[in-house]
$ cat start_20.cif   # mmCIF, C-alpha atoms
data_query
loop_
_atom_site.label_atom_id
_atom_site.label_comp_id
_atom_site.auth_asym_id
_atom_site.auth_seq_id
_atom_site.Cartn_x
_atom_site.Cartn_y
_atom_site.Cartn_z
CA MET A 1 -93.31 33.18 158.83
CA ASP A 2 -90.58 34.95 160.80
CA MET A 3 -91.76 38.44 161.77
CA GLY A 4 -88.54 39.32 163.56
CA PRO A 5 -88.09 40.81 167.03
CA HIS A 6 -91.27 42.92 166.81
CA ALA A 7 -93.59 40.06 165.81
CA ALA A 8 -95.89 40.62 168.81
CA PHE A 9 -96.60 44.22 167.70
CA ILE A 10 -97.37 43.10 164.14
CA TRP A 11 -99.68 40.24 165.16
CA LEU A 12 -101.42 42.38 167.78
CA SER A 13 -102.13 45.05 165.16
CA TYR A 14 -103.64 42.54 162.76
CA ALA A 15 -105.59 40.90 165.61
CA ALA A 16 -107.07 44.27 166.66
CA VAL A 17 -108.20 45.00 163.09
CA THR A 18 -109.57 41.46 162.60
CA VAL A 19 -111.53 41.45 165.87
CA THR A 20 -112.95 44.95 165.28
CA VAL A 21 -113.94 44.29 161.65
CA ILE A 22 -115.55 40.93 162.52
CA GLY A 23 -117.32 42.63 165.44
CA LEU A 24 -118.68 45.33 163.11
CA ILE A 25 -119.87 42.76 160.57
CA LEU A 26 -121.62 40.66 163.26
CA TRP A 27 -123.22 43.77 164.77
CA LEU A 28 -124.52 44.89 161.35
CA LEU A 29 -125.89 41.43 160.54
CA ALA A 30 -127.56 41.05 163.97
CA ASP A 31 -129.09 44.53 163.71
CA GLY A 32 -130.47 43.71 160.24
CA TRP A 33 -132.00 40.44 161.45
CA LYS A 34 -133.52 42.20 164.48
CA GLN A 35 -135.14 44.94 162.38
CA ARG A 36 -136.51 42.42 159.86
CA ALA A 37 -137.93 40.26 162.65
CA GLU A 38 -139.64 43.27 164.26
CA LEU A 39 -141.04 44.39 160.92
CA ALA A 40 -142.38 40.89 160.22
CA ALA A 41 -143.93 40.70 163.72
CA LEU A 42 -145.74 44.03 163.19
CA GLU A 43 -147.00 42.93 159.80
CA ARG A 44 -148.27 39.66 161.30
CA GLN A 45 -150.28 41.80 163.73
CA GLY A 46 -151.91 43.43 160.72
CA VAL A 47 -149.97 46.70 160.88
CA LYS A 48 -148.96 47.50 157.31
CA ARG A 49 -147.15 50.43 155.74
CA ARG A 50 -149.62 52.82 154.15
CA SER A 51 -147.57 52.88 150.95
CA SER A 52 -147.41 49.07 150.65
CA HIS A 53 -150.36 47.28 149.08
CA MET B 1 -134.05 64.10 134.01
CA GLN B 2 -133.48 63.04 137.62
CA THR B 3 -129.99 63.03 139.05
CA LEU B 4 -128.68 59.92 140.81
CA THR B 5 -129.18 61.52 144.25
CA GLN B 6 -132.77 62.43 143.35
CA ARG B 7 -133.46 58.87 142.20
CA LEU B 8 -131.95 57.54 145.44
CA ALA B 9 -134.01 59.95 147.54
CA ASN B 10 -136.76 57.37 147.75
CA PRO B 11 -135.83 54.91 150.56
CA THR B 12 -137.74 52.05 148.87
CA ARG B 13 -135.77 52.57 145.67
CA PHE B 14 -132.55 52.78 147.69
CA MET B 15 -133.40 49.46 149.38
CA GLU B 16 -133.94 47.81 145.98
CA LEU B 17 -130.75 49.20 144.49
CA SER B 18 -128.58 48.54 147.55
CA ALA B 19 -129.84 44.93 147.74
CA ARG B 20 -128.42 44.41 144.25
CA VAL B 21 -125.15 46.31 144.81
CA LEU B 22 -124.26 45.08 148.32
CA PRO B 23 -123.33 41.45 147.45
CA TRP B 24 -121.02 42.64 144.65
CA VAL B 25 -119.24 45.22 146.81
CA THR B 26 -118.87 42.63 149.59
CA VAL B 27 -117.40 39.96 147.31
CA ILE B 28 -115.02 42.37 145.53
CA SER B 29 -113.78 43.80 148.84
CA ALA B 30 -113.25 40.26 150.23
CA ILE B 31 -111.24 39.24 147.14
CA LEU B 32 -109.17 42.43 147.30
CA LEU B 33 -108.60 41.95 151.02
CA ALA B 34 -107.37 38.39 150.50
CA TYR B 35 -105.04 39.59 147.71
CA GLY B 36 -103.88 42.51 149.84
CA LEU B 37 -103.08 40.22 152.79
CA TYR B 38 -101.17 37.88 150.46
CA LEU B 39 -99.11 40.83 149.18
CA SER B 40 -98.64 42.26 152.69
CA PHE B 41 -97.28 39.07 154.22
CA LEU B 42 -95.93 36.90 151.41
CA ASP B 43 -95.05 39.14 148.48
CA SER B 44 -93.44 42.24 149.95
CA PRO B 45 -90.00 42.66 151.48
CA PRO B 46 -89.17 43.96 154.94
CA ASP B 47 -88.25 47.66 154.95
CA TYR B 48 -84.54 48.50 155.17
CA GLN B 49 -85.19 50.64 158.27
CA GLN B 50 -88.45 49.38 159.78
CA GLY B 51 -87.82 45.70 159.08
CA GLN B 52 -90.95 43.51 159.33
CA THR B 53 -92.77 46.24 161.26
CA VAL B 54 -93.56 47.88 157.91
CA ARG B 55 -96.37 45.31 157.62
CA ILE B 56 -98.36 47.27 160.21
CA MET B 57 -98.44 50.10 157.65
CA TYR B 58 -100.61 47.99 155.34
CA ILE B 59 -103.46 48.15 157.85
CA HIS B 60 -102.61 51.39 159.66
CA VAL B 61 -102.65 53.60 156.55
CA PRO B 62 -106.04 52.29 155.24
CA CYS B 63 -107.60 52.76 158.71
CA ALA B 64 -106.18 56.30 158.95
CA TRP B 65 -107.41 57.10 155.41
CA LEU B 66 -110.89 55.75 156.26
CA SER B 67 -111.04 57.71 159.51
CA MET B 68 -110.83 60.92 157.46
CA MET B 69 -112.82 59.81 154.42
CA ILE B 70 -115.75 58.64 156.58
CA TYR B 71 -115.81 61.96 158.41
CA GLY B 72 -115.83 63.72 155.02
CA LEU B 73 -118.81 61.57 154.03
CA ILE B 74 -120.62 62.45 157.27
CA ALA B 75 -119.97 66.16 156.64
CA LEU B 76 -121.25 65.85 153.07
CA SER B 77 -124.36 63.99 154.25
CA SER B 78 -124.92 66.62 156.95
CA PHE B 79 -124.70 69.34 154.30
CA GLY B 80 -127.22 67.37 152.21
CA LEU B 81 -129.57 67.22 155.17
CA LEU B 82 -129.33 70.87 156.20
CA VAL B 83 -129.32 72.42 152.72
CA PHE B 84 -131.21 70.00 150.44
CA ARG B 85 -133.22 68.08 153.07
CA HIS B 86 -132.31 64.87 151.26
CA PRO B 87 -134.30 62.04 152.89
CA LEU B 88 -131.34 59.67 152.99
CA ALA B 89 -128.71 62.20 154.10
CA ASP B 90 -129.36 61.70 157.80
CA VAL B 91 -129.58 57.93 157.34
CA SER B 92 -126.12 58.04 155.72
CA ALA B 93 -124.60 60.27 158.43
CA LYS B 94 -126.06 58.19 161.27
CA ALA B 95 -124.95 54.90 159.69
CA ALA B 96 -121.39 56.12 159.06
CA ALA B 97 -120.60 57.50 162.54
CA PRO B 98 -119.97 54.21 164.44
CA LEU B 99 -117.98 52.87 161.49
CA GLY B 100 -115.85 56.03 161.45
CA ALA B 101 -115.27 55.75 165.19
CA ALA B 102 -114.18 52.11 164.80
CA PHE B 103 -111.68 52.81 162.00
CA THR B 104 -110.28 55.88 163.82
CA PHE B 105 -109.84 53.71 166.91
CA LEU B 106 -107.99 51.15 164.77
CA ALA B 107 -105.78 53.86 163.24
CA LEU B 108 -104.81 54.96 166.76
CA VAL B 109 -104.23 51.41 168.05
CA THR B 110 -102.19 50.20 165.04
CA GLY B 111 -100.24 53.48 165.02
CA SER B 112 -99.45 53.01 168.68
CA LEU B 113 -98.34 49.42 168.13
CA TRP B 114 -96.08 50.58 165.31
CA GLY B 115 -94.78 53.51 167.38
CA LYS B 116 -93.49 51.45 170.29
CA PRO B 117 -90.85 49.47 168.34
CA MET B 118 -90.08 52.34 165.92
CA TRP B 119 -90.19 55.46 168.11
CA GLY B 120 -89.73 53.78 171.47
CA THR B 121 -93.10 54.96 172.74
CA TYR B 122 -96.77 54.08 172.27
CA TRP B 123 -97.88 57.70 172.36
CA VAL B 124 -96.62 61.26 172.02
CA TRP B 125 -98.75 64.38 172.12
CA ASP B 126 -97.66 65.54 168.69
CA ALA B 127 -100.00 67.38 166.31
CA ARG B 128 -100.94 64.40 164.10
CA LEU B 129 -101.64 61.93 166.90
CA THR B 130 -103.49 64.46 169.03
CA SER B 131 -105.66 65.70 166.14
CA VAL B 132 -106.63 62.11 165.23
CA LEU B 133 -107.49 61.48 168.89
CA LEU B 134 -109.72 64.59 168.73
CA LEU B 135 -111.36 63.14 165.60
CA PHE B 136 -112.11 59.95 167.56
CA PHE B 137 -113.71 62.01 170.33
CA LEU B 138 -115.67 63.95 167.70
CA TYR B 139 -117.11 60.70 166.36
CA LEU B 140 -118.08 59.69 169.91
CA GLY B 141 -119.60 63.16 170.38
CA LEU B 142 -121.75 62.74 167.25
CA ILE B 143 -122.99 59.34 168.45
CA ALA B 144 -123.63 60.61 172.00
CA LEU B 145 -125.43 63.78 170.87
CA ARG B 146 -127.77 61.81 168.63
CA SER B 147 -128.62 59.26 171.29
CA ALA B 148 -129.12 61.96 173.95
CA LEU B 149 -132.04 63.55 172.08
CA GLU B 150 -135.40 61.84 171.81
CA ASP B 151 -136.73 63.97 168.95
CA GLU B 152 -135.11 62.36 165.90
CA GLY B 153 -135.56 65.42 163.69
CA ALA B 154 -133.85 67.73 166.18
CA ALA B 155 -131.13 65.14 166.81
CA ALA B 156 -130.45 64.88 163.08
CA LYS B 157 -130.13 68.65 162.63
CA LEU B 158 -127.98 69.24 165.72
CA THR B 159 -125.70 66.33 164.84
CA ALA B 160 -125.38 67.70 161.30
CA VAL B 161 -124.36 71.13 162.64
CA LEU B 162 -121.76 69.55 164.93
CA ALA B 163 -120.47 67.42 162.03
CA LEU B 164 -120.05 70.51 159.82
CA VAL B 165 -118.28 72.44 162.59
CA GLY B 166 -116.00 69.44 163.18
CA VAL B 167 -115.00 69.19 159.53
CA THR B 168 -112.42 71.93 160.20
CA LEU B 169 -110.41 69.20 161.92
CA LEU B 170 -109.77 67.36 158.63
CA PRO B 171 -107.29 69.86 157.09
CA ILE B 172 -105.61 70.16 160.50
CA ILE B 173 -105.07 66.38 160.57
CA LYS B 174 -103.96 66.27 156.94
CA PHE B 175 -101.48 69.15 157.12
CA SER B 176 -100.42 68.77 160.77
CA VAL B 177 -97.28 66.94 159.66
CA ASN B 178 -96.35 69.89 157.41
CA TRP B 179 -97.41 72.76 159.68
CA TRP B 180 -95.78 71.50 162.87
CA ASN B 181 -92.61 69.66 163.70
CA THR B 182 -94.10 66.26 164.50
CA LEU B 183 -92.67 62.87 165.35
CA HIS B 184 -95.13 61.41 162.86
CA GLN B 185 -93.54 61.25 159.42
CA PRO B 186 -94.91 63.44 156.58
CA SER B 187 -97.53 61.95 154.29
CA THR B 188 -96.20 59.95 151.33
CA ASP B 189 -99.58 60.27 149.53
CA PHE B 190 -98.83 56.90 147.91
CA THR B 191 -96.21 58.66 145.77
CA SER B 192 -92.96 57.42 144.29
CA THR B 193 -91.16 57.81 147.63
CA VAL B 194 -92.67 54.42 148.54
CA ASP B 195 -90.95 51.50 146.81
CA PRO B 196 -93.29 49.79 144.28
CA SER B 197 -92.96 46.47 146.16
CA MET B 198 -94.57 48.18 149.18
CA ARG B 199 -96.79 50.61 147.29
CA LEU B 200 -98.83 47.82 145.66
CA PRO B 201 -99.90 46.09 148.92
CA LEU B 202 -100.61 49.52 150.42
CA LEU B 203 -102.84 50.51 147.48
CA VAL B 204 -104.63 47.15 147.33
CA MET B 205 -105.29 47.20 151.09
CA ALA B 206 -106.49 50.82 150.94
CA LEU B 207 -108.91 49.92 148.13
CA ALA B 208 -110.06 46.75 149.94
CA PHE B 209 -110.71 48.66 153.17
CA THR B 210 -112.54 51.42 151.29
CA LEU B 211 -114.84 48.91 149.55
CA MET B 212 -115.31 47.04 152.83
CA PHE B 213 -116.41 50.30 154.43
CA PHE B 214 -118.88 50.99 151.59
CA ALA B 215 -120.35 47.50 152.02
CA MET B 216 -120.71 48.10 155.78
CA HIS B 217 -122.16 51.55 155.20
CA LEU B 218 -124.77 50.24 152.73
CA LYS B 219 -125.77 47.53 155.22
CA ALA B 220 -125.93 50.04 158.09
CA MET B 221 -128.08 52.38 155.97
CA ARG B 222 -130.43 49.52 155.11
CA ASN B 223 -130.70 48.65 158.82
CA GLU B 224 -131.46 52.28 159.67
CA ILE B 225 -134.22 52.49 157.03
CA LEU B 226 -135.76 49.29 158.45
CA ARG B 227 -135.49 50.71 162.01
CA ARG B 228 -137.36 53.85 160.88
CA ARG B 229 -140.04 51.71 159.22
CA VAL B 230 -140.48 49.70 162.44
CA LYS B 231 -140.79 52.93 164.42
CA ALA B 232 -143.33 54.37 161.95
CA LEU B 233 -145.40 51.17 162.05
CA ARG B 234 -145.38 51.17 165.86
CA THR B 235 -146.59 54.78 165.88
CA GLN B 236 -149.23 53.88 163.29
CA ALA B 237 -150.39 50.94 165.44
CA VAL B 238 -150.60 53.09 168.59
CA MET B 239 -152.51 55.83 166.76
CA GLY B 240 -154.90 53.21 165.34
CA ARG B 241 -155.57 51.86 168.85
CA ASP B 242 -156.14 55.39 170.18
CA ARG B 243 -158.70 56.06 167.46
CA LEU B 244 -160.54 52.80 168.13
CA ALA B 245 -160.55 53.12 171.94
CA PRO B 246 -163.21 55.91 172.20
CA GLN B 247 -165.44 54.07 169.68
CA ALA B 248 -165.25 50.89 171.75
CA ALA B 249 -166.13 52.82 174.94
CA GLU B 250 -169.35 54.24 173.41
#
$ encode --input "start_20.cif" --output "structure tokens"
Amino acid sequence: MDMGPHAAFIWLSYAAVTVTVIGLILWLLADGWKQRAELAALERQGVKRRSSH
Amino acid sequence: MQTLTQRLANPTRFMELSARVLPWVTVISAILLAYGLYLSFLDSPPDYQQGQTVRIMYIHVPCAWLSMMIYGLIALSSFGLLVFRHPLADVSAKAAAPLGAAFTFLALVTGSLWGKPMWGTYWVWDARLTSVLLLFFLYLGLIALRSALEDEGAAAKLTAVLALVGVTLLPIIKFSVNWWNTLHQPSTDFTSTVDPSMRLPLLVMALAFTLMFFAMHLKAMRNEILRRRVKALRTQAVMGRDRLAPQAAE
């Protein structure tokens, strides 16, 4: 794919978006896993939400 | 009869509903993104003036659109918190801020990378570029203000006030290219001034990015609800220990 004389600018733009979006997705997934693990650890200790039976 | 927002006011119900919706939004946005990238690189011509550099537009415009739409969502959520005290309004505003900052950053970076070959410079202090930079700082300000305050209730209200004050920036960004003589070209608003061969990839990418944001936002909101549950359980555990401690000492 020939992107012409400004290829570096085009590829850099797409790379910046790709890296940032993948970074956001990984951060969101890691945060979700962390919160679920902490919630499970608290429930193992016998601490339960008052509303959950 | 309950409205949709009233039905979603219960975080447990929101968690159930979002768990069902999230996979669909994710898959549809991924399919649209793949189609959009195919159109952007393989099924659209180079522009007669910009050449291949026009392909940066297919990611720059969606990022710029999201930078403003996400701020609008934060302002709406802030209004919902301050006026209606909707339980999920603050969760929504808090979850959207880092995403908005990221897409505004990308709008600035991709715009800069387009500007160098097209304008001969990465940056000019014209009204559009400067107002978007201010929007980026506003996002950072919202994140910083919230993390600077320990009391979550006070942080939510103060952040909401700042978000509503900052919303005045949106019309300035939108109309800056009409009000002032800027280097940045006027908005095409996806109208007929864009050739159909370039309008389609632009529209598909804008839709894909919008759905991708909604998937991220739903996930971030779910994480925030879980974080608040963890915090509540920790408080509950500490209070339980405090109640038992005097009894054990007797």
$ resolve_selection --input "start_20.cif" --expression "the PyMOL selection byres ((chain A and resi 23-33) around 8)" --output "list in words"
Val19, Thr20, Val21, Ile22, Lys34, Gln35, Arg36 and Ala37 of chain A; Leu99, Met216, Lys219, Ala220, Arg222, Asn223 and Leu226 of chain B
$ closest_residue --input "start_20.cif" --among "B:Ala30, B:Leu158, B:Leu42, B:Leu17" --to "Pro201 in chain B" --atoms "only C-alpha atoms"
B:Leu42
$ resolve_selection --input "start_20.cif" --expression "the PyMOL selection byres ((chain B) within 10 of (chain A))" --output "JSON, numbers by chain"
{"B": [41, 42, 46, 50, 51, 52, 53, 54, 55, 56, 57, 58, 59, 60, 63, 98, 99, 102, 103, 105, 106, 107, 109, 110, 111, 112, 113, 114, 115, 116, 117, 118, 212, 213, 215, 216, 217, 219, 220, 221, 222, 223, 224, 225, 226, 227, 228, 229, 230, 231, 232, 233, 234, 236, 237, 240]}
$ atom_distance --input "start_20.cif" --atom1 "CA of Pro186 in chain B" --atom2 "CA of Leu170 in chain B"
15.5 Å
$ atom_distance --input "start_20.cif" --atom1 "CA of Leu200 in chain B" --atom2 "CA of Leu39 in chain B"
7.8 Å
$ residues_near_point --input "start_20.cif" --point "(-127.2, 67.8, 170.0)" --cutoff "7 Å" --atoms "all atoms listed in the file" --output "list of chain:residue names"
B:Leu145, B:Arg146, B:Leu149, B:Ala155, B:Leu158, B:Thr159
$ resolve_selection --input "start_20.cif" --expression "the PyMOL selection byres ((chain B and resi 173) around 12)" --output "PyMOL selection string"
chain B and resi 64-65+67-69+71+126-136+166-172+174-180+182+184+186-187
$ residues_around --input "start_20.cif" --residues "Ala206 in chain B" --least-positions-apart "3" --cutoff "6 Å" --atoms "all atoms listed in the file" --output "list in words"
Pro62, Leu203 and Phe209 of chain B
$ atom_distance --input "start_20.cif" --atom1 "CA of Asn10 in chain B" --atom2 "CA of Ala89 in chain B"
11.3 Å
$ axis_aligned_box --input "start_20.cif" --around "range 27-42 of chain A" --padding-each-side "3 Å" --output "AutoDock Vina command-line options"
--center_x -134.5 --center_y 42.6 --center_z 162.3 --size_x 28.5 --size_y 10.7 --size_z 10.9
$ residues_around --input "start_20.cif" --residues "Val25 in chain B" --least-positions-apart "2" --cutoff "8 Å" --atoms "all atoms listed in the file" --output "PyMOL selection string"
chain B and resi 21-23+27-29+211-212+214-215
$ write_last_selection --input "start_20.cif" --atoms "C-alpha atoms" --output "CSV table (one decimal), in the frame of the given file"
chain,number,residue,atom,x,y,z
B,21,VAL,CA,-125.2,46.3,144.8
B,22,LEU,CA,-124.3,45.1,148.3
B,23,PRO,CA,-123.3,41.4,147.4
B,27,VAL,CA,-117.4,40.0,147.3
B,28,ILE,CA,-115.0,42.4,145.5
B,29,SER,CA,-113.8,43.8,148.8
B,211,LEU,CA,-114.8,48.9,149.6
B,212,MET,CA,-115.3,47.0,152.8
B,214,PHE,CA,-118.9,51.0,151.6
B,215,ALA,CA,-120.4,47.5,152.0
